[in-house]
file upload_11.cif (mmCIF, N, CA and C atoms)
data_work
loop_
_atom_site.group_PDB
_atom_site.id
_atom_site.type_symbol
_atom_site.label_atom_id
_atom_site.label_comp_id
_atom_site.auth_asym_id
_atom_site.auth_seq_id
_atom_site.Cartn_x
_atom_site.Cartn_y
_atom_site.Cartn_z
ATOM 1 N N MET A 1 0.847 -1.162 0.000
ATOM 2 C CA MET A 1 0.000 0.000 0.000
ATOM 3 C C MET A 1 0.904 1.240 0.000
ATOM 4 N N THR A 2 0.658 2.135 -0.891
ATOM 5 C CA THR A 2 1.442 3.368 -0.963
ATOM 6 C C THR A 2 0.538 4.560 -0.694
ATOM 7 N N PHE A 3 1.136 5.560 -0.093
ATOM 8 C CA PHE A 3 0.403 6.784 0.184
ATOM 9 C C PHE A 3 0.996 7.898 -0.656
ATOM 10 N N GLU A 4 0.146 8.671 -1.219
ATOM 11 C CA GLU A 4 0.598 9.792 -2.024
ATOM 12 C C GLU A 4 0.245 11.096 -1.317
ATOM 13 N N ILE A 5 1.146 12.002 -1.382
ATOM 14 C CA ILE A 5 0.883 13.325 -0.815
ATOM 15 C C ILE A 5 0.272 14.176 -1.920
ATOM 16 N N ILE A 6 -0.895 14.648 -1.655
ATOM 17 C CA ILE A 6 -1.598 15.474 -2.629
ATOM 18 C C ILE A 6 -1.541 16.909 -2.151
ATOM 19 N N GLU A 7 -0.900 17.713 -2.928
ATOM 20 C CA GLU A 7 -0.803 19.125 -2.576
ATOM 21 C C GLU A 7 -1.914 19.892 -3.260
ATOM 22 N N GLN A 8 -2.601 20.691 -2.471
ATOM 23 C CA GLN A 8 -3.665 21.520 -3.009
ATOM 24 C C GLN A 8 -3.313 22.983 -2.790
ATOM 25 N N ALA A 9 -3.692 23.761 -3.735
ATOM 26 C CA ALA A 9 -3.479 25.196 -3.593
ATOM 27 C C ALA A 9 -4.369 25.724 -2.471
ATOM 28 N N PRO A 10 -3.855 26.651 -1.661
ATOM 29 C CA PRO A 10 -4.697 27.190 -0.583
ATOM 30 C C PRO A 10 -5.893 27.943 -1.160
ATOM 31 N N ARG A 11 -7.006 27.783 -0.470
ATOM 32 C CA ARG A 11 -8.222 28.458 -0.923
ATOM 33 C C ARG A 11 -8.105 29.949 -0.682
ATOM 34 N N LYS A 12 -8.517 30.709 -1.636
ATOM 35 C CA LYS A 12 -8.517 32.159 -1.496
ATOM 36 C C LYS A 12 -9.843 32.575 -0.870
ATOM 37 N N VAL A 13 -9.752 33.371 0.190
ATOM 38 C CA VAL A 13 -10.950 33.852 0.874
ATOM 39 C C VAL A 13 -11.482 35.048 0.101
ATOM 40 N N SER A 14 -12.767 35.035 -0.188
ATOM 41 C CA SER A 14 -13.358 36.146 -0.928
ATOM 42 C C SER A 14 -13.422 37.394 -0.047
ATOM 43 N N ASN A 15 -13.498 38.532 -0.680
ATOM 44 C CA ASN A 15 -13.587 39.796 0.056
ATOM 45 C C ASN A 15 -14.837 39.850 0.916
ATOM 46 N N ALA A 16 -15.929 39.321 0.406
ATOM 47 C CA ALA A 16 -17.180 39.333 1.167
ATOM 48 C C ALA A 16 -17.045 38.478 2.426
ATOM 49 N N ALA A 17 -16.414 37.315 2.311
ATOM 50 C CA ALA A 17 -16.226 36.444 3.473
ATOM 51 C C ALA A 17 -15.298 37.103 4.486
ATOM 52 N N LEU A 18 -14.278 37.773 4.013
ATOM 53 C CA LEU A 18 -13.352 38.467 4.901
ATOM 54 C C LEU A 18 -14.054 39.597 5.646
ATOM 55 N N ARG A 19 -14.865 40.385 4.942
ATOM 56 C CA ARG A 19 -15.624 41.465 5.587
ATOM 57 C C ARG A 19 -16.601 40.902 6.613
ATOM 58 N N ARG A 20 -17.204 39.765 6.312
ATOM 59 C CA ARG A 20 -18.140 39.135 7.246
ATOM 60 C C ARG A 20 -17.410 38.695 8.517
ATOM 61 N N GLN A 21 -16.212 38.140 8.380
ATOM 62 C CA GLN A 21 -15.426 37.725 9.546
ATOM 63 C C GLN A 21 -15.062 38.925 10.414
ATOM 64 N N ILE A 22 -14.660 40.018 9.779
ATOM 65 C CA ILE A 22 -14.311 41.229 10.522
ATOM 66 C C ILE A 22 -15.533 41.790 11.236
ATOM 67 N N ALA A 23 -16.677 41.778 10.560
ATOM 68 C CA ALA A 23 -17.915 42.278 11.165
ATOM 69 C C ALA A 23 -18.330 41.416 12.355
ATOM 70 N N GLU A 24 -18.147 40.106 12.261
ATOM 71 C CA GLU A 24 -18.486 39.206 13.377
ATOM 72 C C GLU A 24 -17.608 39.501 14.590
ATOM 73 N N LYS A 25 -16.311 39.695 14.362
ATOM 74 C CA LYS A 25 -15.397 40.023 15.459
ATOM 75 C C LYS A 25 -15.800 41.342 16.111
ATOM 76 N N ALA A 26 -16.082 42.352 15.284
ATOM 77 C CA ALA A 26 -16.447 43.669 15.806
ATOM 78 C C ALA A 26 -17.752 43.605 16.594
ATOM 79 N N TYR A 27 -18.728 42.846 16.091
ATOM 80 C CA TYR A 27 -20.012 42.715 16.783
ATOM 81 C C TYR A 27 -19.817 42.056 18.141
ATOM 82 N N GLN A 28 -19.026 40.992 18.178
ATOM 83 C CA GLN A 28 -18.786 40.273 19.429
ATOM 84 C C GLN A 28 -18.087 41.174 20.448
ATOM 85 N N CYS A 29 -17.113 41.941 19.996
ATOM 86 C CA CYS A 29 -16.378 42.839 20.882
ATOM 87 C C CYS A 29 -17.272 43.963 21.397
ATOM 88 N N ALA A 30 -18.024 44.602 20.508
ATOM 89 C CA ALA A 30 -18.915 45.700 20.907
ATOM 90 C C ALA A 30 -19.986 45.195 21.877
ATOM 91 N N ARG A 31 -20.492 44.019 21.643
ATOM 92 C CA ARG A 31 -21.512 43.434 22.536
ATOM 93 C C ARG A 31 -20.920 43.198 23.917
ATOM 94 N N TRP A 32 -19.713 42.644 23.971
ATOM 95 C CA TRP A 32 -19.045 42.393 25.247
ATOM 96 C C TRP A 32 -18.819 43.704 26.001
ATOM 97 N N LEU A 33 -18.402 44.743 25.274
ATOM 98 C CA LEU A 33 -18.169 46.041 25.908
ATOM 99 C C LEU A 33 -19.455 46.618 26.485
ATOM 100 N N ARG A 34 -20.540 46.562 25.715
ATOM 101 C CA ARG A 34 -21.823 47.107 26.208
ATOM 102 C C ARG A 34 -22.314 46.342 27.435
ATOM 103 N N ILE A 35 -22.185 45.035 27.423
ATOM 104 C CA ILE A 35 -22.619 44.223 28.568
ATOM 105 C C ILE A 35 -21.831 44.589 29.816
ATOM 106 N N ASN A 36 -20.558 44.928 29.658
ATOM 107 C CA ASN A 36 -19.700 45.250 30.791
ATOM 108 C C ASN A 36 -19.700 46.726 31.160
ATOM 109 N N GLY A 37 -20.601 47.526 30.576
ATOM 110 C CA GLY A 37 -20.806 48.898 31.011
ATOM 111 C C GLY A 37 -20.065 49.969 30.234
ATOM 112 N N PHE A 38 -19.393 49.617 29.157
ATOM 113 C CA PHE A 38 -18.702 50.606 28.338
ATOM 114 C C PHE A 38 -19.677 51.204 27.337
ATOM 115 N N GLU A 39 -19.433 52.465 26.972
ATOM 116 C CA GLU A 39 -20.261 53.115 25.955
ATOM 117 C C GLU A 39 -19.508 53.096 24.624
ATOM 118 N N VAL A 40 -20.047 52.376 23.662
ATOM 119 C CA VAL A 40 -19.414 52.241 22.350
ATOM 120 C C VAL A 40 -19.820 53.441 21.492
ATOM 121 N N LEU A 41 -18.821 54.174 20.990
ATOM 122 C CA LEU A 41 -19.080 55.349 20.162
ATOM 123 C C LEU A 41 -19.064 55.016 18.673
ATOM 124 N N ALA A 42 -18.159 54.145 18.255
ATOM 125 C CA ALA A 42 -18.039 53.821 16.829
ATOM 126 C C ALA A 42 -17.367 52.469 16.658
ATOM 127 N N VAL A 43 -17.691 51.821 15.562
ATOM 128 C CA VAL A 43 -17.042 50.576 15.160
ATOM 129 C C VAL A 43 -16.515 50.805 13.753
ATOM 130 N N LEU A 44 -15.205 50.704 13.599
ATOM 131 C CA LEU A 44 -14.560 50.989 12.324
ATOM 132 C C LEU A 44 -13.858 49.737 11.818
ATOM 133 N N GLY A 45 -14.018 49.449 10.552
ATOM 134 C CA GLY A 45 -13.334 48.311 9.954
ATOM 135 C C GLY A 45 -11.884 48.658 9.715
ATOM 136 N N GLY A 46 -11.017 47.704 9.906
ATOM 137 C CA GLY A 46 -9.600 47.925 9.669
ATOM 138 C C GLY A 46 -9.067 46.886 8.702
ATOM 139 N N VAL A 47 -7.858 47.079 8.261
ATOM 140 C CA VAL A 47 -7.260 46.130 7.326
ATOM 141 C C VAL A 47 -6.950 44.819 8.034
ATOM 142 N N ARG A 48 -6.381 44.909 9.225
ATOM 143 C CA ARG A 48 -6.008 43.696 9.962
ATOM 144 C C ARG A 48 -7.034 43.298 11.009
ATOM 145 N N GLN A 49 -7.571 44.303 11.686
ATOM 146 C CA GLN A 49 -8.535 44.035 12.752
ATOM 147 C C GLN A 49 -9.472 45.220 12.897
ATOM 148 N N PRO A 50 -10.691 44.974 13.336
ATOM 149 C CA PRO A 50 -11.629 46.073 13.537
ATOM 150 C C PRO A 50 -11.191 46.953 14.705
ATOM 151 N N ARG A 51 -11.672 48.187 14.690
ATOM 152 C CA ARG A 51 -11.356 49.142 15.753
ATOM 153 C C ARG A 51 -12.669 49.605 16.369
ATOM 154 N N VAL A 52 -12.793 49.452 17.687
ATOM 155 C CA VAL A 52 -13.985 49.865 18.419
ATOM 156 C C VAL A 52 -13.599 51.052 19.293
ATOM 157 N N VAL A 53 -14.266 52.184 19.091
ATOM 158 C CA VAL A 53 -13.974 53.403 19.844
ATOM 159 C C VAL A 53 -14.987 53.508 20.978
ATOM 160 N N ILE A 54 -14.484 53.697 22.195
ATOM 161 C CA ILE A 54 -15.363 53.798 23.364
ATOM 162 C C ILE A 54 -15.142 55.140 24.057
ATOM 163 N N ARG A 55 -16.121 55.522 24.885
ATOM 164 C CA ARG A 55 -16.010 56.762 25.666
ATOM 165 C C ARG A 55 -15.087 56.492 26.862
ATOM 166 N N PRO A 56 -14.140 57.409 27.137
ATOM 167 C CA PRO A 56 -13.243 57.220 28.290
ATOM 168 C C PRO A 56 -14.044 57.210 29.588
ATOM 169 N N SER A 57 -13.704 56.297 30.464
ATOM 170 C CA SER A 57 -14.359 56.211 31.770
ATOM 171 C C SER A 57 -13.419 55.508 32.742
ATOM 172 N N THR A 58 -13.826 55.410 33.988
ATOM 173 C CA THR A 58 -13.005 54.721 34.983
ATOM 174 C C THR A 58 -12.926 53.218 34.686
ATOM 175 N N LEU A 59 -13.877 52.691 33.949
ATOM 176 C CA LEU A 59 -13.828 51.273 33.580
ATOM 177 C C LEU A 59 -12.643 50.953 32.668
ATOM 178 N N CYS A 60 -12.174 51.946 31.934
ATOM 179 C CA CYS A 60 -11.048 51.732 31.002
ATOM 180 C C CYS A 60 -9.792 51.285 31.736
ATOM 181 N N TYR A 61 -9.632 51.680 33.006
ATOM 182 C CA TYR A 61 -8.455 51.283 33.768
ATOM 183 C C TYR A 61 -8.479 49.793 34.090
ATOM 184 N N GLN A 62 -9.618 49.151 33.958
ATOM 185 C CA GLN A 62 -9.728 47.720 34.243
ATOM 186 C C GLN A 62 -9.332 46.850 33.057
ATOM 187 N N LEU A 63 -9.139 47.444 31.897
ATOM 188 C CA LEU A 63 -8.734 46.675 30.724
ATOM 189 C C LEU A 63 -7.233 46.389 30.815
ATOM 190 N N GLU A 64 -6.899 45.130 30.999
ATOM 191 C CA GLU A 64 -5.495 44.750 31.135
ATOM 192 C C GLU A 64 -4.775 44.871 29.797
ATOM 193 N N GLY A 65 -3.523 45.222 29.850
ATOM 194 C CA GLY A 65 -2.706 45.303 28.654
ATOM 195 C C GLY A 65 -2.916 46.566 27.838
ATOM 196 N N ALA A 66 -3.499 47.593 28.442
ATOM 197 C CA ALA A 66 -3.730 48.847 27.715
ATOM 198 C C ALA A 66 -2.394 49.535 27.431
ATOM 199 N N VAL A 67 -2.296 50.137 26.263
ATOM 200 C CA VAL A 67 -1.057 50.763 25.800
ATOM 201 C C VAL A 67 -1.340 52.225 25.453
ATOM 202 N N ASP A 68 -0.419 53.110 25.841
ATOM 203 C CA ASP A 68 -0.510 54.516 25.436
ATOM 204 C C ASP A 68 0.038 54.663 24.030
ATOM 205 N N ALA A 69 -0.625 55.473 23.214
ATOM 206 C CA ALA A 69 -0.189 55.684 21.833
ATOM 207 C C ALA A 69 -0.484 57.125 21.428
ATOM 208 N N PHE A 70 0.130 57.562 20.329
ATOM 209 C CA PHE A 70 -0.172 58.882 19.795
ATOM 210 C C PHE A 70 0.047 58.877 18.293
ATOM 211 N N GLU A 71 -0.620 59.816 17.643
ATOM 212 C CA GLU A 71 -0.495 59.990 16.193
ATOM 213 C C GLU A 71 -0.175 61.450 15.922
ATOM 214 N N ARG A 72 0.663 61.691 14.953
ATOM 215 C CA ARG A 72 0.940 63.061 14.520
ATOM 216 C C ARG A 72 0.471 63.207 13.084
ATOM 217 N N SER A 73 -0.196 64.314 12.828
ATOM 218 C CA SER A 73 -0.686 64.600 11.486
ATOM 219 C C SER A 73 -0.624 66.115 11.287
ATOM 220 N N PRO A 74 -0.909 66.575 10.084
ATOM 221 C CA PRO A 74 -0.931 68.030 9.862
ATOM 222 C C PRO A 74 -1.952 68.748 10.752
ATOM 223 N N ARG A 75 -2.969 68.013 11.205
ATOM 224 C CA ARG A 75 -3.983 68.627 12.071
ATOM 225 C C ARG A 75 -3.553 68.694 13.523
ATOM 226 N N GLY A 76 -2.460 68.034 13.883
ATOM 227 C CA GLY A 76 -1.980 68.074 15.254
ATOM 228 C C GLY A 76 -1.675 66.682 15.779
ATOM 229 N N GLU A 77 -1.500 66.619 17.077
ATOM 230 C CA GLU A 77 -1.170 65.366 17.742
ATOM 231 C C GLU A 77 -2.381 64.848 18.495
ATOM 232 N N ARG A 78 -2.566 63.551 18.455
ATOM 233 C CA ARG A 78 -3.689 62.914 19.153
ATOM 234 C C ARG A 78 -3.144 61.821 20.052
ATOM 235 N N ARG A 79 -3.496 61.885 21.335
ATOM 236 C CA ARG A 79 -3.061 60.867 22.295
ATOM 237 C C ARG A 79 -4.261 60.004 22.670
ATOM 238 N N TYR A 80 -4.016 58.713 22.705
ATOM 239 C CA TYR A 80 -5.082 57.771 23.044
ATOM 240 C C TYR A 80 -4.492 56.531 23.680
ATOM 241 N N ARG A 81 -5.350 55.674 24.191
ATOM 242 C CA ARG A 81 -4.961 54.378 24.755
ATOM 243 C C ARG A 81 -5.738 53.308 24.016
ATOM 244 N N TYR A 82 -5.186 52.117 23.982
ATOM 245 C CA TYR A 82 -5.912 51.020 23.362
ATOM 246 C C TYR A 82 -5.555 49.696 24.018
ATOM 247 N N ALA A 83 -6.463 48.760 23.889
ATOM 248 C CA ALA A 83 -6.276 47.383 24.357
ATOM 249 C C ALA A 83 -6.876 46.474 23.295
ATOM 250 N N VAL A 84 -6.429 45.242 23.265
ATOM 251 C CA VAL A 84 -6.922 44.292 22.270
ATOM 252 C C VAL A 84 -7.766 43.232 22.974
ATOM 253 N N ARG A 85 -8.991 43.063 22.497
ATOM 254 C CA ARG A 85 -9.899 42.023 22.979
ATOM 255 C C ARG A 85 -10.625 41.436 21.774
ATOM 256 N N PHE A 86 -10.825 40.148 21.771
ATOM 257 C CA PHE A 86 -11.548 39.466 20.688
ATOM 258 C C PHE A 86 -10.949 39.796 19.319
ATOM 259 N N ASP A 87 -9.641 39.972 19.267
ATOM 260 C CA ASP A 87 -8.929 40.316 18.037
ATOM 261 C C ASP A 87 -9.413 41.654 17.466
ATOM 262 N N CYS A 88 -9.857 42.560 18.343
ATOM 263 C CA CYS A 88 -10.270 43.911 17.969
ATOM 264 C C CYS A 88 -9.475 44.909 18.797
ATOM 265 N N MET A 89 -9.210 46.059 18.220
ATOM 266 C CA MET A 89 -8.532 47.116 18.933
ATOM 267 C C MET A 89 -9.592 48.015 19.580
ATOM 268 N N ILE A 90 -9.584 48.071 20.906
ATOM 269 C CA ILE A 90 -10.514 48.924 21.640
ATOM 270 C C ILE A 90 -9.752 50.202 21.967
ATOM 271 N N GLU A 91 -10.271 51.335 21.524
ATOM 272 C CA GLU A 91 -9.538 52.598 21.607
ATOM 273 C C GLU A 91 -10.367 53.633 22.349
ATOM 274 N N TRP A 92 -9.678 54.453 23.174
ATOM 275 C CA TRP A 92 -10.340 55.581 23.839
ATOM 276 C C TRP A 92 -9.341 56.708 23.989
ATOM 277 N N GLU A 93 -9.868 57.935 24.054
ATOM 278 C CA GLU A 93 -9.027 59.122 24.170
ATOM 279 C C GLU A 93 -8.357 59.148 25.539
ATOM 280 N N SER A 94 -7.111 59.534 25.557
ATOM 281 C CA SER A 94 -6.369 59.650 26.800
ATOM 282 C C SER A 94 -6.757 60.963 27.471
ATOM 283 N N VAL A 95 -7.041 60.912 28.771
ATOM 284 C CA VAL A 95 -7.407 62.134 29.497
ATOM 285 C C VAL A 95 -6.372 62.497 30.527
#

call {"tool": "encode", "arguments": {"input": "upload_11.cif", "output": "structure tokens"}}
result
Amino acid sequence: MTFEIIEQAPRKVSNAALRRQIAEKAYQCARWLRINGFEVLAVLGGVRQPRVVIRPSTLCYQLEGAVDAFERSPRGERRYRYAVRFDCMIEWESV
């Protein structure tokens, strides 16, 4: 008895399926945040992972692994914090 290794080309994921996966992750993350008392301001699709923007509150200090970040642009500098949950970036303005 001989065994043959059959190589198959990897399946390409369609854009619609990829958008659906990102939307599912974002929905799950936003739902978890609302259940735990956070106020969700916006859900934005990203190239790698969705971004969920929340209102800053004392609950934000309970998110483990939060990182300080900033962006510079012609409009000025923006400081914010973010944490990753459910493969989504949860972002809030630094106060």

call {"tool": "residues_near_point", "arguments": {"input": "upload_11.cif", "point": "(-16.4, 49.2, 13.6)", "cutoff": "12 Å", "atoms": "only C-alpha atoms", "output": "list in words"}}
result
Arg19, Ile22, Ala23, Glu24, Lys25, Ala26, Tyr27, Gln28, Cys29, Ala30, Arg31, Val40, Leu41, Ala42, Val43, Leu44, Gly45, Gly46, Val47, Gln49, Pro50, Arg51, Val52, Val53, Ile54, Cys88, Met89, Ile90 and Glu91 of chain A

call {"tool": "atom_distance", "arguments": {"input": "upload_11.cif", "atom1": "atom N of A:Leu33", "atom2": "atom C of A:Glu71"}}
result
26.4 Å

call {"tool": "atom_distance", "arguments": {"input": "upload_11.cif", "atom1": "atom N of A:Ser57", "atom2": "atom CA of A:Asp87"}}
result
20.8 Å

call {"tool": "atom_distance", "arguments": {"input": "upload_11.cif", "atom1": "atom C of A:Leu63", "atom2": "atom CA of A:Arg34"}}
result
15.3 Å

call {"tool": "select_by_dssp", "arguments": {"input": "upload_11.cif", "residues": "chain A", "states": "strand (DSSP E)", "output": "PyMOL selection string"}}
result
chain A and resi 40-44+51-54+67-73+76-85+88-93

call {"tool": "resolve_selection", "arguments": {"input": "upload_11.cif", "expression": "the PyMOL selection byres ((chain A and resi 93) around 7)", "output": "list in words"}}
result
Ile54, Arg55, Pro56, Arg79, Tyr80, Arg81, Glu91, Trp92, Ser94 and Val95 of chain A

call {"tool": "select_by_dssp", "arguments": {"input": "upload_11.cif", "residues": "chain A", "states": "alpha helix (DSSP H)", "output": "list in words"}}
result
Asn15, Ala16, Ala17, Leu18, Arg19, Arg20, Gln21, Ile22, Ala23, Glu24, Lys25, Ala26, Tyr27, Gln28, Cys29, Ala30, Arg31, Trp32, Leu33, Arg34 and Ile35 of chain A

call {"tool": "axis_aligned_box", "arguments": {"input": "upload_11.cif", "around": "stretch 69-85 of chain A", "padding_each_side": "8 Å", "output": "lines of an AutoDock Vina configuration file"}}
result
center_x = -4.8
center_y = 55.1
center_z = 17.3
size_x = 27.6
size_y = 43.3
size_z = 30.9
